[in-house]
file structure.cif (mmCIF, C-alpha atoms)
data_run
#
loop_
_atom_site.label_atom_id
_atom_site.label_comp_id
_atom_site.auth_asym_id
_atom_site.auth_seq_id
_atom_site.Cartn_x
_atom_site.Cartn_y
_atom_site.Cartn_z
CA MET A 69 0.00 0.00 0.00
CA GLU A 70 3.05 2.34 -0.05
CA VAL A 71 2.18 2.96 -3.68
CA LEU A 72 -0.77 5.09 -2.63
CA THR A 73 1.14 8.09 -1.28
CA PRO A 74 -0.72 11.41 -0.70
CA GLU A 75 0.75 12.81 -3.94
CA VAL A 76 -0.62 9.85 -5.86
CA TRP A 77 -4.06 10.34 -4.27
CA VAL A 78 -4.10 14.00 -5.38
CA GLU A 79 -3.22 12.96 -8.94
CA ILE A 80 -5.99 10.33 -8.88
CA GLY A 81 -8.40 13.00 -7.59
CA ARG A 82 -7.41 15.32 -10.44
CA TYR A 83 -8.00 12.73 -13.15
CA VAL A 84 -11.28 11.49 -11.67
CA GLY A 85 -12.55 15.04 -11.06
CA ALA A 86 -11.68 16.36 -14.51
CA GLY A 87 -13.15 13.24 -16.11
CA LEU A 88 -16.43 13.55 -14.18
CA ALA A 89 -16.67 17.28 -14.94
CA LEU A 90 -16.13 17.01 -18.68
CA GLY A 91 -17.74 13.61 -19.22
CA PHE A 92 -21.04 14.34 -17.51
CA GLY A 93 -20.98 18.08 -18.15
CA GLY A 94 -21.03 17.62 -21.91
CA ILE A 95 -23.96 15.17 -22.06
CA GLY A 96 -26.71 17.62 -21.25
CA ALA A 97 -25.67 20.50 -23.48
CA ALA A 98 -25.14 18.13 -26.40
CA ILE A 99 -28.65 16.67 -26.04
CA GLY A 100 -30.12 20.17 -25.67
CA MET A 101 -28.36 21.51 -28.75
CA GLY A 102 -29.47 18.47 -30.69
CA MET A 103 -33.11 19.11 -29.78
CA ALA A 104 -32.79 22.70 -30.99
CA ALA A 105 -31.17 21.61 -34.27
CA ALA A 106 -33.83 18.95 -34.85
CA ALA A 107 -36.62 21.47 -34.34
CA ALA A 108 -34.90 24.00 -36.63
CA ASN A 109 -34.54 21.37 -39.36
CA GLU A 110 -38.16 20.40 -39.06
CA GLY A 111 -39.15 24.06 -39.24
CA THR A 112 -37.00 24.71 -42.31
CA MET A 113 -38.58 21.71 -44.02
CA ARG A 114 -42.08 23.10 -43.42
CA GLN A 115 -41.31 26.77 -44.01
CA PRO A 116 -38.22 27.16 -46.22
CA VAL A 117 -38.91 30.92 -46.36
CA ALA A 118 -38.22 31.28 -42.63
CA GLN A 119 -34.81 29.67 -42.76
CA GLY A 120 -32.89 32.86 -41.91
CA HIS A 121 -34.96 33.47 -38.76
CA LEU A 122 -34.78 29.78 -37.87
CA MET A 123 -31.02 29.66 -38.22
CA ARG A 124 -30.66 32.72 -35.99
CA THR A 125 -33.05 31.36 -33.34
CA MET A 126 -31.33 27.99 -33.36
CA LEU A 127 -27.84 29.45 -33.05
CA ILE A 128 -28.77 31.82 -30.22
CA GLY A 129 -30.64 29.03 -28.42
CA GLN A 130 -27.67 26.70 -28.81
CA ALA A 131 -25.18 29.37 -27.70
CA VAL A 132 -27.12 30.11 -24.52
CA GLY A 133 -27.85 26.43 -23.94
CA GLY A 134 -24.19 25.55 -24.41
CA SER A 135 -22.99 27.63 -21.52
CA PRO A 136 -23.42 24.88 -18.86
CA SER A 137 -20.94 22.77 -20.82
CA ILE A 138 -18.57 25.76 -20.91
CA PHE A 139 -18.82 26.06 -17.11
CA ALA A 140 -17.97 22.35 -16.95
CA LEU A 141 -15.03 22.81 -19.33
CA VAL A 142 -13.58 25.72 -17.35
CA VAL A 143 -13.95 24.01 -13.98
CA GLY A 144 -12.68 20.72 -15.42
CA LEU A 145 -9.52 22.40 -16.72
CA LEU A 146 -9.09 24.15 -13.35
CA ILE A 147 -9.38 20.79 -11.57
CA PHE A 148 -6.76 19.35 -13.91
CA TYR A 149 -4.18 22.15 -13.80
CA MET A 150 -4.75 23.81 -10.42
CA PRO A 151 -1.60 23.89 -8.30
CA VAL A 152 -2.00 22.26 -4.86
CA SER A 153 0.12 23.72 -2.05
CA PRO A 154 2.44 21.18 -0.36
CA GLU A 155 0.75 21.36 3.07
CA GLU A 156 -2.61 20.56 1.48
CA ILE A 157 -1.49 17.40 -0.35
CA GLY A 158 -3.43 14.47 0.98
CA LEU A 159 -6.59 12.43 0.73
CA PRO A 160 -9.09 15.24 1.63
CA LYS A 161 -7.73 17.48 -1.16
CA ALA A 162 -7.93 14.59 -3.61
CA ALA A 163 -11.57 14.09 -2.57
CA ALA A 164 -12.23 17.82 -2.95
CA LEU A 165 -10.94 17.68 -6.56
CA ALA A 166 -13.15 14.65 -7.32
CA GLY A 167 -16.12 16.22 -5.48
CA ALA A 168 -15.81 19.44 -7.48
CA GLY A 169 -15.92 17.35 -10.66
CA LEU A 170 -19.02 15.51 -9.43
CA ALA A 171 -20.81 18.78 -8.56
CA ILE A 172 -20.08 20.57 -11.82
CA GLY A 173 -20.48 17.52 -14.08
CA ILE A 174 -23.85 16.26 -12.92
CA GLY A 175 -25.01 19.80 -12.07
CA CYS A 176 -24.48 20.98 -15.65
CA LEU A 177 -26.11 17.89 -17.18
CA GLY A 178 -29.62 18.91 -16.09
CA SER A 179 -29.34 22.54 -17.15
CA GLY A 180 -27.87 21.55 -20.50
CA VAL A 181 -30.82 19.26 -21.31
CA GLY A 182 -33.21 21.83 -19.83
CA CYS A 183 -32.05 24.58 -22.18
CA GLY A 184 -32.91 22.34 -25.13
CA TRP A 185 -36.70 22.41 -24.64
CA PRO A 186 -37.16 26.19 -24.87
CA ALA A 187 -34.77 26.35 -27.85
CA ALA A 188 -36.65 23.58 -29.67
CA ALA A 189 -40.06 25.09 -28.90
CA ALA A 190 -38.81 28.51 -30.02
CA CYS A 191 -37.65 27.08 -33.37
CA GLY A 192 -41.08 25.49 -33.82
CA GLY A 193 -42.77 28.79 -33.04
CA VAL A 194 -40.55 30.82 -35.38
CA ALA A 195 -41.24 28.38 -38.20
CA ARG A 196 -44.95 28.93 -37.72
CA ASN A 197 -44.73 32.68 -37.36
CA PRO A 198 -41.39 34.14 -38.55
CA LYS A 199 -42.53 37.73 -37.94
CA ARG A 200 -42.72 37.15 -34.20
CA SER A 201 -39.21 35.78 -33.91
CA THR A 202 -37.94 38.65 -31.72
CA GLY A 203 -40.61 38.22 -29.03
CA ILE A 204 -40.25 34.44 -29.07
CA MET A 205 -36.49 34.68 -28.82
CA SER A 206 -36.56 37.03 -25.83
CA LEU A 207 -38.88 34.64 -23.95
CA MET A 208 -36.57 31.76 -24.93
CA ILE A 209 -33.53 33.55 -23.49
CA ILE A 210 -35.36 34.32 -20.20
CA GLY A 211 -36.47 30.68 -19.90
CA GLN A 212 -33.00 29.36 -20.66
CA ALA A 213 -31.37 31.76 -18.20
CA MET A 214 -33.68 30.51 -15.44
CA ALA A 215 -32.97 26.90 -16.39
CA GLN A 216 -29.27 27.60 -16.05
CA SER A 217 -29.33 28.83 -12.49
CA PRO A 218 -28.89 25.29 -11.01
CA SER A 219 -25.70 24.93 -13.05
CA ILE A 220 -24.50 28.27 -11.65
CA PHE A 221 -25.11 27.00 -8.08
CA ALA A 222 -23.07 23.92 -9.02
CA THR A 223 -20.26 26.10 -10.38
CA VAL A 224 -20.16 28.09 -7.12
CA ILE A 225 -19.95 24.95 -4.99
CA SER A 226 -17.27 23.36 -7.17
CA LEU A 227 -15.12 26.53 -7.09
CA ILE A 228 -15.44 26.69 -3.28
CA LEU A 229 -14.41 23.02 -3.09
CA LEU A 230 -11.41 23.74 -5.31
CA PHE A 231 -10.08 26.95 -3.75
CA ARG A 232 -11.00 26.70 -0.07
CA PRO A 233 -8.40 24.87 2.00
CA VAL A 234 -9.84 21.58 3.26
CA SER A 235 -10.47 21.93 6.99
CA ALA A 236 -11.86 18.51 7.99
CA VAL A 237 -9.14 15.86 8.22
CA GLY A 238 -8.86 12.24 7.09
CA MET A 239 -12.00 10.25 6.31
CA ALA A 240 -14.25 13.11 7.47
CA GLY A 241 -12.65 15.45 4.93
CA VAL A 242 -13.19 12.90 2.18
CA GLY A 243 -16.83 12.46 3.17
CA VAL A 244 -17.51 16.21 3.37
CA ALA A 245 -15.99 16.87 -0.08
CA ILE A 246 -17.71 13.98 -1.88
CA GLY A 247 -20.98 14.49 0.04
CA ALA A 248 -21.12 18.20 -0.84
CA GLY A 249 -20.36 17.32 -4.47
CA ILE A 250 -23.20 14.76 -4.68
CA ALA A 251 -25.64 17.04 -2.82
CA MET A 252 -25.08 19.94 -5.21
CA GLY A 253 -24.51 17.95 -8.41
CA ALA A 254 -27.47 15.59 -8.18
CA GLY A 255 -29.52 18.31 -6.48
CA ALA A 256 -29.15 20.51 -9.57
CA LEU A 257 -30.04 17.73 -12.03
CA GLY A 258 -33.83 17.67 -11.54
CA PRO A 259 -34.37 21.44 -11.25
CA GLY A 260 -32.36 22.03 -14.43
CA ILE A 261 -34.52 19.57 -16.40
CA GLY A 262 -37.73 20.77 -14.72
CA SER A 263 -37.13 24.47 -15.37
CA GLY A 264 -36.39 23.57 -18.98
CA THR A 265 -39.66 21.68 -19.51
CA THR A 266 -41.56 24.61 -17.97
CA ALA A 267 -39.86 27.05 -20.34
CA GLY A 268 -40.59 24.72 -23.26
CA GLY A 269 -44.31 24.69 -22.37
CA ALA A 270 -44.36 28.48 -22.10
CA LEU A 271 -42.74 28.86 -25.53
CA ARG A 272 -45.11 26.42 -27.19
CA GLY A 273 -48.02 28.33 -25.65
CA VAL A 274 -46.75 31.76 -26.67
CA SER A 275 -45.97 30.56 -30.21
CA ASN A 276 -49.60 29.56 -30.66
CA TRP A 277 -51.24 32.35 -28.64
CA PRO A 278 -48.87 35.34 -28.86
CA ARG A 279 -51.30 37.67 -27.10
CA SER A 280 -50.95 35.96 -23.73
CA GLN A 281 -47.19 36.41 -23.57
CA GLY A 282 -47.21 38.49 -20.34
CA ILE A 283 -49.37 36.07 -18.36
CA THR A 284 -47.46 33.05 -19.65
CA LEU A 285 -44.15 34.66 -18.68
CA ARG A 286 -45.45 35.11 -15.13
CA THR A 287 -46.64 31.49 -14.86
CA MET A 288 -43.31 30.29 -16.29
CA LEU A 289 -41.19 32.28 -13.84
CA ILE A 290 -43.25 31.16 -10.82
CA GLY A 291 -43.21 27.53 -11.98
CA GLN A 292 -39.46 27.59 -12.58
CA ALA A 293 -38.79 29.21 -9.22
CA VAL A 294 -40.73 26.47 -7.41
CA SER A 295 -39.04 23.71 -9.38
CA GLN A 296 -35.65 25.07 -8.30
CA THR A 297 -36.27 24.57 -4.58
CA PRO A 298 -34.49 21.17 -4.56
CA ALA A 299 -31.36 22.82 -6.00
CA ILE A 300 -31.48 25.35 -3.17
CA PHE A 301 -31.81 22.48 -0.64
CA GLY A 302 -28.74 20.89 -2.23
CA LEU A 303 -26.84 24.19 -2.07
CA LEU A 304 -27.82 24.59 1.59
CA VAL A 305 -26.66 21.12 2.58
CA ALA A 306 -23.41 21.54 0.62
CA PHE A 307 -22.72 24.83 2.42
CA ILE A 308 -23.51 23.28 5.83
CA MET A 309 -21.14 20.41 5.10
CA MET A 310 -18.29 22.60 3.85
CA PHE A 311 -18.49 25.36 6.45
CA ALA A 312 -20.14 23.94 9.59
CA LEU A 313 -18.51 20.50 9.77
CA ALA A 314 -14.85 21.59 9.93
CA ASP A 315 -14.05 19.79 13.20
CA LEU A 316 -15.50 16.34 12.45
CA GLU A 317 -13.61 13.39 13.92
CA PRO A 318 -11.91 11.48 11.09
CA THR A 319 -13.89 8.27 11.59
CA ILE A 320 -15.59 5.93 9.15
CA VAL A 321 -18.98 6.78 10.71
CA ASN A 322 -18.55 10.48 9.97
CA PHE A 323 -17.45 9.60 6.44
CA ALA A 324 -20.63 7.55 5.97
CA LYS A 325 -22.95 10.15 7.45
CA THR A 326 -21.72 12.96 5.19
CA ILE A 327 -21.89 10.76 2.07
CA GLY A 328 -25.36 9.55 3.11
CA ALA A 329 -26.61 13.11 3.64
CA GLY A 330 -25.29 14.11 0.22
CA ILE A 331 -26.98 11.16 -1.52
CA ALA A 332 -30.26 11.79 0.31
CA VAL A 333 -30.64 15.47 -0.49
CA GLY A 334 -29.03 15.24 -3.93
CA LEU A 335 -30.90 12.30 -5.44
CA GLY A 336 -33.99 13.24 -3.42
CA GLY A 337 -34.17 16.48 -5.38
CA VAL A 338 -34.20 14.85 -8.83
CA GLY A 339 -37.84 13.72 -8.81
CA PRO A 340 -39.43 16.83 -7.28
CA GLY A 341 -37.43 19.06 -9.64
CA ILE A 342 -38.57 17.18 -12.76
CA GLY A 343 -42.12 16.74 -11.44
CA SER A 344 -42.61 20.41 -10.61
CA GLY A 345 -41.30 21.23 -14.06
CA LEU A 346 -43.86 18.94 -15.72
CA ALA A 347 -46.63 20.63 -13.73
CA GLY A 348 -45.26 24.02 -14.77
CA GLU A 349 -45.16 22.98 -18.44
CA THR A 350 -48.85 22.23 -18.74
CA ALA A 351 -49.74 25.19 -16.51
CA CYS A 352 -47.90 27.52 -18.92
CA LEU A 353 -49.73 25.95 -21.87
CA ALA A 354 -53.06 26.31 -20.08
CA SER A 355 -52.51 29.95 -19.15
CA ALA A 356 -51.41 30.75 -22.70
CA THR A 357 -54.53 29.09 -24.13
CA ARG A 358 -56.94 30.66 -21.66
CA PRO A 359 -55.34 33.76 -20.13
CA ARG A 360 -58.56 34.53 -18.28
CA LEU A 361 -58.25 31.39 -16.17
CA ASP A 362 -54.75 32.37 -15.14
CA ALA A 363 -55.43 32.64 -11.40
CA LEU A 364 -57.14 29.25 -11.23
CA VAL A 365 -54.38 27.53 -13.24
CA LEU A 366 -51.67 29.16 -11.15
CA ARG A 367 -53.35 28.01 -7.94
CA THR A 368 -53.66 24.43 -9.17
CA MET A 369 -50.05 24.45 -10.35
CA LEU A 370 -48.78 25.72 -7.01
CA ILE A 371 -50.80 23.15 -5.00
CA GLY A 372 -49.57 20.35 -7.26
CA GLN A 373 -45.97 21.52 -7.11
CA ALA A 374 -46.10 21.89 -3.34
CA VAL A 375 -47.24 18.28 -2.97
CA SER A 376 -44.54 17.17 -5.41
CA GLN A 377 -41.92 19.06 -3.39
CA SER A 378 -42.84 17.21 -0.20
CA THR A 379 -40.48 14.32 -0.97
CA ALA A 380 -37.62 16.82 -1.41
CA ILE A 381 -38.44 18.15 2.04
CA TYR A 382 -38.36 14.61 3.49
CA ALA A 383 -34.94 14.18 1.87
CA LEU A 384 -33.75 17.45 3.40
CA ILE A 385 -35.00 16.35 6.83
CA VAL A 386 -33.20 12.99 6.55
CA ALA A 387 -30.00 14.77 5.46
CA LEU A 388 -30.16 17.21 8.37
CA ILE A 389 -30.79 14.34 10.83
CA LEU A 390 -27.76 12.55 9.36
CA ILE A 391 -25.61 15.66 9.73
CA TYR A 392 -26.69 16.88 13.15
CA LEU A 393 -28.19 13.99 15.14
CA VAL A 394 -26.09 10.97 14.24
CA MET B 1083 -14.08 -12.57 4.19
CA ASP B 1084 -15.66 -9.61 2.50
CA ALA B 1085 -15.88 -7.69 5.75
CA SER B 1086 -12.23 -8.25 6.60
CA PHE B 1087 -11.22 -7.19 3.10
CA MET B 1088 -13.30 -4.03 3.51
CA THR B 1089 -11.63 -3.32 6.86
CA VAL B 1090 -8.15 -3.62 5.33
CA LEU B 1091 -9.14 -1.42 2.40
CA VAL B 1092 -10.78 1.23 4.57
CA GLN B 1093 -7.80 1.30 6.94
CA ALA B 1094 -5.43 1.72 4.01
CA VAL B 1095 -7.54 4.58 2.65
CA ALA B 1096 -7.86 6.21 6.07
CA ALA B 1097 -4.13 6.10 6.84
CA GLN B 1098 -2.61 9.59 6.89
CA PRO B 1099 1.19 9.49 7.02
CA GLU B 1100 1.70 12.87 8.65
CA GLU B 1101 -0.93 12.26 11.32
CA VAL B 1102 -1.18 9.66 14.02
CA ALA B 1103 -1.77 6.18 12.69
CA ALA B 1104 -5.45 5.62 11.94
CA THR B 1105 -7.28 4.17 14.88
CA ALA B 1106 -8.36 0.60 14.38
CA ILE B 1107 -11.76 0.37 12.71
CA GLN B 1108 -14.12 -2.03 14.38
CA GLY B 1109 -16.89 -4.10 12.91
CA THR B 1110 -19.59 -2.07 14.68
CA ASP B 1111 -18.27 1.10 13.06
CA LEU B 1112 -18.54 -0.49 9.64
CA ILE B 1113 -22.11 -1.61 10.36
CA LYS B 1114 -23.01 1.90 11.51
CA ALA B 1115 -21.39 3.41 8.43
CA GLY B 1116 -23.29 1.04 6.15
CA ALA B 1117 -26.55 1.90 7.92
CA LEU B 1118 -26.00 5.64 7.49
CA ILE B 1119 -25.19 5.40 3.77
CA GLY B 1120 -28.16 3.05 3.43
CA ALA B 1121 -30.48 5.61 5.01
CA GLY B 1122 -29.22 8.23 2.56
CA ILE B 1123 -29.68 5.96 -0.48
CA CYS B 1124 -33.13 4.91 0.77
CA MET B 1125 -34.44 8.47 1.05
CA GLY B 1126 -32.57 9.77 -2.01
CA PHE B 1127 -33.72 7.20 -4.56
CA GLY B 1128 -37.09 6.83 -2.82
CA ALA B 1129 -37.88 10.48 -3.44
CA ILE B 1130 -37.35 10.37 -7.23
CA GLY B 1131 -40.47 8.44 -8.22
CA PRO B 1132 -43.10 10.25 -6.14
CA GLY B 1133 -41.69 13.63 -7.20
CA ILE B 1134 -41.98 12.88 -10.92
CA GLY B 1135 -45.32 11.08 -10.55
CA GLU B 1136 -46.95 13.87 -8.58
CA GLY B 1137 -45.71 16.34 -11.14
CA PHE B 1138 -47.48 14.37 -13.91
CA ALA B 1139 -50.71 14.46 -11.91
CA ALA B 1140 -50.40 18.20 -11.27
CA GLY B 1141 -49.66 18.87 -14.94
CA LYS B 1142 -52.70 16.96 -16.14
CA ALA B 1143 -54.86 18.73 -13.56
CA CYS B 1144 -53.69 22.13 -14.86
CA GLU B 1145 -54.47 21.05 -18.41
CA ALA B 1146 -57.93 19.79 -17.47
CA ILE B 1147 -58.77 22.92 -15.47
CA GLY B 1148 -57.70 25.01 -18.45
CA ARG B 1149 -60.26 23.10 -20.55
CA SER B 1150 -63.16 22.92 -18.12
CA PRO B 1151 -62.75 25.48 -15.35
CA GLU B 1152 -66.24 24.76 -13.99
CA ASN B 1153 -64.99 21.41 -12.68
CA ALA B 1154 -62.00 22.94 -10.89
CA GLY B 1155 -63.01 21.69 -7.42
CA LEU B 1156 -63.53 18.12 -8.59
CA LEU B 1157 -60.28 18.13 -10.57
CA THR B 1158 -58.24 19.52 -7.68
CA ARG B 1159 -59.71 16.85 -5.38
CA THR B 1160 -58.87 14.08 -7.84
CA MET B 1161 -55.35 15.46 -8.26
CA LEU B 1162 -54.77 15.57 -4.52
CA ILE B 1163 -56.05 11.99 -4.00
CA GLY B 1164 -53.85 10.73 -6.82
CA GLN B 1165 -50.85 12.58 -5.47
CA ALA B 1166 -51.47 11.29 -1.95
CA VAL B 1167 -51.37 7.72 -3.25
CA SER B 1168 -48.24 8.45 -5.28
CA GLU B 1169 -46.69 10.01 -2.18
CA SER B 1170 -47.04 6.78 -0.24
CA THR B 1171 -43.80 5.23 -1.53
CA GLY B 1172 -41.97 8.42 -0.57
CA ILE B 1173 -43.38 8.10 2.93
CA TYR B 1174 -42.29 4.44 3.08
CA SER B 1175 -38.76 5.59 2.21
CA LEU B 1176 -38.91 8.28 4.87
CA VAL B 1177 -40.11 5.77 7.48
CA VAL B 1178 -37.40 3.25 6.58
CA ALA B 1179 -34.71 5.96 6.62
CA LEU B 1180 -35.90 7.24 10.01
CA VAL B 1181 -36.04 3.68 11.42
CA ILE B 1182 -32.45 3.12 10.29
CA LEU B 1183 -31.28 6.48 11.64
CA PHE B 1184 -32.93 6.21 15.03
CA GLY B 1185 -31.79 2.61 15.27
CA VAL B 1186 -28.23 3.90 14.89
CA VAL B 1187 -28.75 6.86 17.25
CA LEU B 1188 -30.47 4.89 20.00
CA GLY B 1189 -28.50 1.68 19.55
CA GLY B 1190 -25.25 3.60 20.06
#

call {"tool": "encode", "arguments": {"input": "structure.cif", "output": "structure tokens"}}
result
Amino acid sequence: MEVLTPEVWVEIGRYVGAGLALGFGGIGAAIGMGMAAAAANEGTMRQPVAQGHLMRTMLIGQAVGGSPSIFALVVGLLIFYMPVSPEEIGLPKAAALAGAGLAIGIGCLGSGVGCGWPAAAACGGVARNPKRSTGIMSLMIIGQAMAQSPSIFATVISLILLFRPVSAVGMAGVGVAIGAGIAMGAGALGPGIGSGTTAGGALRGVSNWPRSQGITLRTMLIGQAVSQTPAIFGLLVAFIMMFALADLEPTIVNFAKTIGAGIAVGLGGVGPGIGSGLAGETACLASATRPRLDALVLRTMLIGQAVSQSTAIYALIVALILIYLV
Amino acid sequence: MDASFMTVLVQAVAAQPEEVAATAIQGTDLIKAGALIGAGICMGFGAIGPGIGEGFAAGKACEAIGRSPENAGLLTRTMLIGQAVSESTGIYSLVVALVILFGVVLGG
């Protein structure tokens, strides 16, 4: 076992972290850009006249939707090339490098896919009504920006993991770094996808019923905000682990409890994030179709989303019990 | 045999050259550690299904209310009943996770 010196562990952490960041981080944006391109092709086939507008909408949608993969690229390169000071070399730093890769990689996957739905729906709408391409595109950019916020949370957490000196020692430090990475990475996956489906619904609605753009925008923003709660739970738990658990005893039990808390709150947020997004999607369509029923639709959406969020709250409770009571 | 292999592996990983030698890891610690990760996996994966399922129900309710607003009360009631049933597996996960956690806390 002398082979596994602290220097070797840090190198392993670098390779694993950079691989996770770039491998997972690219999946989502690639799928999203593909959806936009498919919709633009379909639109050009139906309306060859609109091909200039379609090309512009597709390229802007892909450029905005590609930014999560650029976050992943930047953080992945940082993980790979960042100098590690000699007193920090050890297992916890190696875990922090791998944890940062986990957070940014999986965190950017959801937002990347999520940005694809609004881009695809916008291409469909522009094909149907090329004159309205400016209004459709501005709604698309707002929806995509909201869908990207989980990936920005993930970027913040991964940069803190990279640049903040690791305070917890031994096994506890490993658990805190990996646990925070899973909590934020997986926690951002569902909200990214969910906010994207909501934005896609809003764009389909506005493409067909342009007059209800204002009301649909409101429903979309509220729906996206609710579907991002699990990402905020993940951010919260990651912060608690990185800043409040500095003096954990380096035991296997503390390692397990931090990893367990990260898995609970991270994976627990996937379902509620996607589910709230699905509710938001149809709510946006309904309020675009019948703007007069807006209040009723909004109420139903919020009740449904609240119930769907309850499992994320259970996951948060279990994670907090793991952190503070065990 | 598996447990002893795990112990050797975990001790090798936990060893920090510049610190004091890692304290010996006992079997009870490993059991506790397994229970804690298990509770996390139980609640984490258990929450995925209900969340997505309840979202489907809420989405369809919004769609239906958009079409026939006069039935809003009936539709909301149906949505809530459906979601409550879909929630049940999430609650099972919560119960199992809490049983594991309090078993660890109270059992020492």

call {"tool": "residues_around", "arguments": {"input": "structure.cif", "residues": "A:Val194", "least_positions_apart": "6", "cutoff": "9 Å", "atoms": "only C-alpha atoms", "output": "JSON, numbers by chain"}}
result
{"A": [108, 111, 118, 121, 122, 125, 200, 201, 204, 205, 275]}

call {"tool": "interface_residues", "arguments": {"input": "structure.cif", "of": "chain B", "to": "chain A", "cutoff": "6 Å", "atoms": "only C-alpha atoms", "output": "short mmCIF file (atom, residue, chain, number, x, y, z; two decimals) with C-alpha atoms, keeping the file's coordinate frame"}}
result
data_model
loop_
_atom_site.label_atom_id
_atom_site.label_comp_id
_atom_site.auth_asym_id
_atom_site.auth_seq_id
_atom_site.Cartn_x
_atom_site.Cartn_y
_atom_site.Cartn_z
CA ALA B 1096 -7.86 6.21 6.07
CA ALA B 1115 -21.39 3.41 8.43
CA LEU B 1118 -26.00 5.64 7.49
CA ILE B 1119 -25.19 5.40 3.77
CA GLY B 1122 -29.22 8.23 2.56
CA ILE B 1123 -29.68 5.96 -0.48
CA MET B 1125 -34.44 8.47 1.05
CA GLY B 1126 -32.57 9.77 -2.01
CA PHE B 1127 -33.72 7.20 -4.56
CA ALA B 1129 -37.88 10.48 -3.44
CA ILE B 1130 -37.35 10.37 -7.23
CA GLY B 1131 -40.47 8.44 -8.22
CA GLY B 1133 -41.69 13.63 -7.20
CA ILE B 1134 -41.98 12.88 -10.92
CA GLU B 1136 -46.95 13.87 -8.58
CA GLY B 1137 -45.71 16.34 -11.14
CA ALA B 1140 -50.40 18.20 -11.27
CA GLY B 1141 -49.66 18.87 -14.94
CA CYS B 1144 -53.69 22.13 -14.86
CA GLU B 1145 -54.47 21.05 -18.41
CA GLY B 1148 -57.70 25.01 -18.45
CA VAL B 1187 -28.75 6.86 17.25
#

call {"tool": "resolve_selection", "arguments": {"input": "structure.cif", "expression": "the PyMOL selection byres ((chain A and resi 301-310) around 7)", "output": "PyMOL selection string"}}
result
chain A and resi 221+244+248+251-252+255+297-300+311-313+333-334+384

call {"tool": "resolve_selection", "arguments": {"input": "structure.cif", "expression": "the PyMOL selection byres ((chain B and resi 1182) around 10)", "output": "PyMOL selection string"}}
result
chain B and resi 1114+1117-1118+1120-1122+1124+1176-1181+1183-1187

call {"tool": "resolve_selection", "arguments": {"input": "structure.cif", "expression": "the PyMOL selection byres ((chain A and resi 195) around 12)", "output": "number ranges by chain"}}
result
A: 107-126, 188-194, 196-201, 204, 272, 275-276

call {"tool": "write_last_selection", "arguments": {"input": "structure.cif", "atoms": "C-alpha atoms", "output": "short mmCIF file (atom, residue, chain, number, x, y, z; two decimals), in the coordinates of the input"}}
result
data_model
loop_
_atom_site.label_atom_id
_atom_site.label_comp_id
_atom_site.auth_asym_id
_atom_site.auth_seq_id
_atom_site.Cartn_x
_atom_site.Cartn_y
_atom_site.Cartn_z
CA ALA A 107 -36.62 21.47 -34.34
CA ALA A 108 -34.90 24.00 -36.63
CA ASN A 109 -34.54 21.37 -39.36
CA GLU A 110 -38.16 20.40 -39.06
CA GLY A 111 -39.15 24.06 -39.24
CA THR A 112 -37.00 24.71 -42.31
CA MET A 113 -38.58 21.71 -44.02
CA ARG A 114 -42.08 23.10 -43.42
CA GLN A 115 -41.31 26.77 -44.01
CA PRO A 116 -38.22 27.16 -46.22
CA VAL A 117 -38.91 30.92 -46.36
CA ALA A 118 -38.22 31.28 -42.63
CA GLN A 119 -34.81 29.67 -42.76
CA GLY A 120 -32.89 32.86 -41.91
CA HIS A 121 -34.96 33.47 -38.76
CA LEU A 122 -34.78 29.78 -37.87
CA MET A 123 -31.02 29.66 -38.22
CA ARG A 124 -30.66 32.72 -35.99
CA THR A 125 -33.05 31.36 -33.34
CA MET A 126 -31.33 27.99 -33.36
CA ALA A 188 -36.65 23.58 -29.67
CA ALA A 189 -40.06 25.09 -28.90
CA ALA A 190 -38.81 28.51 -30.02
CA CYS A 191 -37.65 27.08 -33.37
CA GLY A 192 -41.08 25.49 -33.82
CA GLY A 193 -42.77 28.79 -33.04
CA VAL A 194 -40.55 30.82 -35.38
CA ARG A 196 -44.95 28.93 -37.72
CA ASN A 197 -44.73 32.68 -37.36
CA PRO A 198 -41.39 34.14 -38.55
CA LYS A 199 -42.53 37.73 -37.94
CA ARG A 200 -42.72 37.15 -34.20
CA SER A 201 -39.21 35.78 -33.91
CA ILE A 204 -40.25 34.44 -29.07
CA ARG A 272 -45.11 26.42 -27.19
CA SER A 275 -45.97 30.56 -30.21
CA ASN A 276 -49.60 29.56 -30.66
#

call {"tool": "atom_distance", "arguments": {"input": "structure.cif", "atom1": "atom CA of A:Gly85", "atom2": "atom CA of A:Gly178"}}
result
18.2 Å
